[in-house]
>>> print(open('final16.cif').read())   # mmCIF, C-alpha atoms
data_structure
#
loop_
_atom_site.label_atom_id
_atom_site.label_comp_id
_atom_site.auth_asym_id
_atom_site.auth_seq_id
_atom_site.Cartn_x
_atom_site.Cartn_y
_atom_site.Cartn_z
CA MET A 1454 -37.38 27.31 1.18
CA MET A 1455 -35.15 24.26 1.41
CA ALA A 1456 -31.66 24.89 0.15
CA ASP A 1457 -30.35 22.58 -2.54
CA LEU A 1458 -28.14 19.77 -1.33
CA ILE A 1459 -25.49 19.08 -3.96
CA LYS A 1460 -23.95 15.63 -3.56
CA VAL A 1461 -20.25 15.13 -4.18
CA GLY A 1462 -19.27 11.55 -4.94
CA MET A 1463 -15.94 9.86 -4.35
CA ALA A 1464 -13.16 11.21 -6.58
CA ASP A 1465 -15.31 14.17 -7.58
CA TYR A 1466 -15.83 17.82 -6.80
CA LYS A 1467 -18.72 20.24 -7.12
CA VAL A 1468 -19.03 24.01 -6.97
CA GLY A 1469 -22.11 25.92 -5.84
CA ARG A 1470 -23.41 29.15 -4.41
CA ASN A 1471 -25.64 30.34 -1.59
CA PRO A 1472 -28.20 28.99 -0.54
CA ALA A 1473 -27.04 25.52 -1.61
CA SER A 1474 -25.02 23.12 0.50
CA LEU A 1475 -22.41 20.67 -0.75
CA ILE A 1476 -22.27 17.26 0.92
CA SER A 1477 -20.02 14.23 0.64
CA TYR A 1478 -20.81 10.97 2.42
CA GLY A 1479 -18.55 8.39 3.94
CA LEU A 1480 -15.03 9.78 3.86
CA GLY A 1481 -12.65 7.21 5.28
CA SER A 1482 -9.05 7.62 4.23
CA CYS A 1483 -10.30 10.08 1.60
CA VAL A 1484 -10.10 13.79 2.35
CA GLY A 1485 -12.90 16.29 1.89
CA ILE A 1486 -11.61 19.73 0.91
CA ALA A 1487 -13.93 22.70 1.22
CA LEU A 1488 -13.00 26.01 -0.39
CA TYR A 1489 -15.16 29.04 0.32
CA ASP A 1490 -15.31 32.73 -0.57
CA PRO A 1491 -17.19 34.38 2.31
CA VAL A 1492 -17.99 37.54 0.34
CA ALA A 1493 -19.32 35.98 -2.86
CA LYS A 1494 -20.76 33.04 -0.87
CA VAL A 1495 -19.44 30.65 -3.48
CA GLY A 1496 -17.75 27.42 -2.52
CA GLY A 1497 -16.56 24.04 -3.64
CA LEU A 1498 -16.19 20.62 -2.09
CA ALA A 1499 -13.79 17.94 -3.31
CA HIS A 1500 -13.66 14.29 -2.20
CA ILE A 1501 -10.15 13.15 -3.07
CA MET A 1502 -9.06 9.53 -2.79
CA LEU A 1503 -5.33 9.69 -3.30
CA PRO A 1504 -2.65 12.26 -2.64
CA ASP A 1505 -0.63 12.38 -5.77
CA SER A 1506 -1.41 11.80 -9.44
CA THR A 1507 2.26 11.38 -10.32
CA GLN A 1508 2.38 8.07 -8.45
CA ALA A 1509 -0.74 6.74 -10.12
CA ARG A 1510 -0.84 4.32 -12.99
CA SER A 1511 -3.71 6.14 -14.60
CA SER A 1512 -4.74 9.70 -13.92
CA GLU A 1513 -7.79 9.71 -16.15
CA ASN A 1514 -9.86 11.32 -13.38
CA PRO A 1515 -8.14 14.46 -12.09
CA ALA A 1516 -10.68 14.84 -9.25
CA LYS A 1517 -9.30 11.68 -7.64
CA PHE A 1518 -6.03 13.35 -6.60
CA ALA A 1519 -5.30 16.36 -4.41
CA ASP A 1520 -2.65 17.79 -6.71
CA THR A 1521 -4.83 17.77 -9.85
CA CYS A 1522 -8.27 18.38 -8.32
CA LEU A 1523 -7.59 21.59 -6.41
CA PRO A 1524 -6.39 23.75 -9.33
CA LEU A 1525 -9.48 22.69 -11.32
CA MET A 1526 -11.81 23.50 -8.45
CA VAL A 1527 -10.17 26.90 -7.86
CA ALA A 1528 -10.54 27.78 -11.55
CA GLU A 1529 -14.22 26.85 -11.50
CA LEU A 1530 -14.82 28.83 -8.30
CA VAL A 1531 -13.27 31.92 -9.87
CA LYS A 1532 -15.44 31.41 -12.96
CA ASN A 1533 -18.44 31.38 -10.61
CA GLY A 1534 -17.56 34.70 -8.99
CA ALA A 1535 -15.15 33.76 -6.21
CA THR A 1536 -12.05 35.87 -5.66
CA ARG A 1537 -9.03 33.62 -5.31
CA SER A 1538 -7.35 35.64 -2.56
CA ARG A 1539 -10.49 35.39 -0.39
CA LEU A 1540 -10.80 31.61 -0.60
CA VAL A 1541 -10.38 29.76 2.69
CA ALA A 1542 -9.91 26.02 2.98
CA LYS A 1543 -11.23 23.53 5.53
CA ILE A 1544 -10.41 19.84 5.36
CA ALA A 1545 -11.66 16.65 7.01
CA GLY A 1546 -11.10 12.93 6.67
CA GLY A 1547 -7.82 11.15 6.18
CA ALA A 1548 -8.71 8.45 8.66
CA GLN A 1549 -6.75 5.28 9.21
CA MET A 1550 -9.67 2.91 8.75
CA PHE A 1551 -7.81 -0.33 9.26
CA VAL A 1552 -5.02 -1.00 11.69
CA PHE A 1553 -2.27 -3.36 10.62
CA ALA A 1554 0.32 -4.63 13.07
CA ASN A 1555 3.17 -3.73 10.74
CA ALA A 1556 1.63 -0.88 8.78
CA THR A 1557 4.03 0.50 6.25
CA ASP A 1558 3.79 4.06 4.96
CA ILE A 1559 2.03 2.85 1.88
CA MET A 1560 -0.86 1.60 4.02
CA ARG A 1561 -1.21 4.90 5.83
CA VAL A 1562 -3.21 6.38 2.96
CA GLY A 1563 -5.32 8.64 5.15
CA GLU A 1564 -2.34 10.30 6.78
CA ARG A 1565 -0.58 10.71 3.43
CA ASN A 1566 -3.76 12.15 1.91
CA SER A 1567 -4.11 14.85 4.54
CA GLN A 1568 -0.39 15.71 4.46
CA THR A 1569 -0.43 16.07 0.69
CA VAL A 1570 -3.63 18.14 0.77
CA ARG A 1571 -1.95 20.57 3.20
CA MET A 1572 1.09 20.76 0.90
CA VAL A 1573 -1.00 21.39 -2.22
CA LEU A 1574 -3.04 24.09 -0.45
CA LYS A 1575 0.20 25.78 0.58
CA LYS A 1576 1.60 25.55 -2.95
CA LEU A 1577 -1.60 27.11 -4.34
CA GLU A 1578 -1.43 29.80 -1.60
CA LEU A 1579 -4.83 28.85 -0.21
CA ARG A 1580 -5.30 29.46 3.52
CA LEU A 1581 -6.17 26.37 5.57
CA VAL A 1582 -8.29 27.70 8.44
CA ALA A 1583 -9.64 24.50 10.03
CA GLU A 1584 -9.25 20.75 9.85
CA ASP A 1585 -10.55 17.53 11.35
CA CYS A 1586 -8.29 14.74 10.11
CA GLY A 1587 -7.04 11.38 11.30
CA GLY A 1588 -8.62 8.98 13.73
CA ASN A 1589 -10.05 5.65 12.65
CA TYR A 1590 -13.63 6.57 11.81
CA GLY A 1591 -15.50 7.74 8.75
CA ARG A 1592 -16.99 11.18 8.29
CA THR A 1593 -19.71 12.85 6.27
CA VAL A 1594 -18.95 16.48 5.47
CA GLU A 1595 -21.23 19.32 4.46
CA LEU A 1596 -20.29 22.85 3.39
CA LYS A 1597 -23.06 25.41 3.89
CA LEU A 1598 -22.66 28.07 1.23
CA GLU A 1599 -24.70 30.70 3.07
CA ASN A 1600 -22.09 31.00 5.83
CA GLY A 1601 -19.12 28.75 5.07
CA ILE A 1602 -19.80 26.40 7.99
CA PHE A 1603 -18.18 23.00 7.40
CA ARG A 1604 -20.22 20.42 9.31
CA ILE A 1605 -18.67 17.06 10.06
CA LYS A 1606 -20.86 14.14 11.08
CA THR A 1607 -19.59 10.84 12.40
CA ILE A 1608 -21.42 7.71 13.45
CA ASP A 1609 -20.21 7.53 17.03
CA LYS A 1610 -18.33 10.78 17.62
CA GLY A 1611 -21.27 13.12 17.03
CA GLU A 1612 -21.08 16.27 14.89
CA LYS A 1613 -18.88 19.30 14.86
CA GLU A 1614 -18.78 22.52 12.92
CA LEU A 1615 -15.60 24.10 11.62
#
>>> encode(input="final16.cif", output="structure tokens")
Amino acid sequence: MMADLIKVGMADYKVGRNPASLISYGLGSCVGIALYDPVAKVGGLAHIMLPDSTQARSSENPAKFADTCLPLMVAELVKNGATRSRLVAKIAGGAQMFVFANATDIMRVGERNSQTVRMVLKKLELRLVAEDCGGNYGRTVELKLENGIFRIKTIDKGEKEL
């Protein structure tokens, strides 16, 4: 039986359970955040674009930002049988896709995204157990809900599993 592949678009998150997998394509400066409960085999994947909703002009879509997306995803995971204290986090993405000679902080979106994601995870007391962030290349990420493996595929750097 083929497991369901649940697609997570940009500025979105999805929650699922074994035997499904959650996948998000083409993360550049965006960060993919996988949360997983290894006992309930329930997990979620978020594809956040920006670090911080408080700096945004419009925060109509809470899934776009690390600080507003994660609490929503945690609540939905718990509703689906996850136990909050068992959740582990893995993150990938946050690339610097374009190099500017005089890049200011504001241009380093990828780096700021991954830093903020780490901060938000800490604030929510979620354990970050693995990450693959930075670089200057895009990633596709997949969370396998049968075992919590977070697979990262890149065009020219091959694949890895966290």
>>> residues_around(input="final16.cif", residues="segment 1485-1491 of chain A", least_positions_apart="2", cutoff="6 Å", atoms="only C-alpha atoms", output="list of chain:residue names")
A:Ala1493, A:Lys1494, A:Val1495, A:Gly1496, A:Gly1497, A:Leu1498, A:Ala1499, A:His1500, A:Ala1535, A:Arg1539, A:Leu1540, A:Val1541, A:Ala1542, A:Lys1543, A:Ile1544, A:Ala1545
>>> closest_residue(input="final16.cif", among="A:Arg1537, A:Arg1510, A:Lys1517, A:Arg1604", to="Val1492 of chain A", atoms="only C-alpha atoms")
A:Arg1537
>>> resolve_selection(input="final16.cif", expression="the PyMOL selection byres ((chain A and resi 1595-1603) around 6)", output="list in words")
Arg1470, Asn1471, Pro1472, Ala1473, Ser1474, Leu1475, Ile1476, Lys1494, Val1594, Arg1604, Glu1614 and Leu1615 of chain A
>>> residues_around(input="final16.cif", residues="segment 1581-1591 of chain A", least_positions_apart="4", cutoff="9 Å", atoms="only C-alpha atoms", output="number ranges by chain")
A: 1478-1482, 1484, 1541-1552, 1563-1564, 1567, 1571, 1574-1575, 1605-1610, 1615
>>> write_last_selection(input="final16.cif", atoms="C-alpha atoms", output="mmCIF file, in the coordinates of the input")
data_model
loop_
_atom_site.group_PDB
_atom_site.id
_atom_site.type_symbol
_atom_site.label_atom_id
_atom_site.label_comp_id
_atom_site.auth_asym_id
_atom_site.auth_seq_id
_atom_site.Cartn_x
_atom_site.Cartn_y
_atom_site.Cartn_z
ATOM 1 C CA TYR A 1478 -20.810 10.970 2.420
ATOM 2 C CA GLY A 1479 -18.550 8.390 3.940
ATOM 3 C CA LEU A 1480 -15.030 9.780 3.860
ATOM 4 C CA GLY A 1481 -12.650 7.210 5.280
ATOM 5 C CA SER A 1482 -9.050 7.620 4.230
ATOM 6 C CA VAL A 1484 -10.100 13.790 2.350
ATOM 7 C CA VAL A 1541 -10.380 29.760 2.690
ATOM 8 C CA ALA A 1542 -9.910 26.020 2.980
ATOM 9 C CA LYS A 1543 -11.230 23.530 5.530
ATOM 10 C CA ILE A 1544 -10.410 19.840 5.360
ATOM 11 C CA ALA A 1545 -11.660 16.650 7.010
ATOM 12 C CA GLY A 1546 -11.100 12.930 6.670
ATOM 13 C CA GLY A 1547 -7.820 11.150 6.180
ATOM 14 C CA ALA A 1548 -8.710 8.450 8.660
ATOM 15 C CA GLN A 1549 -6.750 5.280 9.210
ATOM 16 C CA MET A 1550 -9.670 2.910 8.750
ATOM 17 C CA PHE A 1551 -7.810 -0.330 9.260
ATOM 18 C CA VAL A 1552 -5.020 -1.000 11.690
ATOM 19 C CA GLY A 1563 -5.320 8.640 5.150
ATOM 20 C CA GLU A 1564 -2.340 10.300 6.780
ATOM 21 C CA SER A 1567 -4.110 14.850 4.540
ATOM 22 C CA ARG A 1571 -1.950 20.570 3.200
ATOM 23 C CA LEU A 1574 -3.040 24.090 -0.450
ATOM 24 C CA LYS A 1575 0.200 25.780 0.580
ATOM 25 C CA ILE A 1605 -18.670 17.060 10.060
ATOM 26 C CA LYS A 1606 -20.860 14.140 11.080
ATOM 27 C CA THR A 1607 -19.590 10.840 12.400
ATOM 28 C CA ILE A 1608 -21.420 7.710 13.450
ATOM 29 C CA ASP A 1609 -20.210 7.530 17.030
ATOM 30 C CA LYS A 1610 -18.330 10.780 17.620
ATOM 31 C CA LEU A 1615 -15.600 24.100 11.620
#
>>> closest_residue(input="final16.cif", among="A:Ala1464, A:Leu1579, A:Thr1593, A:Ala1528", to="Glu1513 of chain A", atoms="only C-alpha atoms")
A:Ala1464
>>> closest_residue(input="final16.cif", among="A:Val1527, A:Val1461, A:Val1570, A:Val1468", to="Pro1504 of chain A", atoms="only C-alpha atoms")
A:Val1570
>>> atom_distance(input="final16.cif", atom1="atom CA of Phe1518 of chain A", atom2="atom CA of Ser1506 of chain A")
5.6 Å
>>> closest_residue(input="final16.cif", among="A:Leu1523, A:Ala1516, A:Leu1530, A:Val1573", to="Asp1465 of chain A", atoms="all atoms listed in the file")
A:Ala1516
>>> atom_distance(input="final16.cif", atom1="atom CA of Leu1577 of chain A", atom2="atom CA of Tyr1466 of chain A")
17.2 Å
>>> atom_distance(input="final16.cif", atom1="atom CA of Ser1538 of chain A", atom2="atom CA of Arg1592 of chain A")
28.4 Å
>>> closest_residue(input="final16.cif", among="A:Gly1469, A:Gly1462, A:Lys1576, A:Met1502", to="Pro1524 of chain A", atoms="all atoms listed in the file")
A:Lys1576
>>> closest_residue(input="final16.cif", among="A:Thr1569, A:Met1463, A:Arg1561, A:Lys1532", to="Cys1483 of chain A", atoms="all atoms listed in the file")
A:Met1463
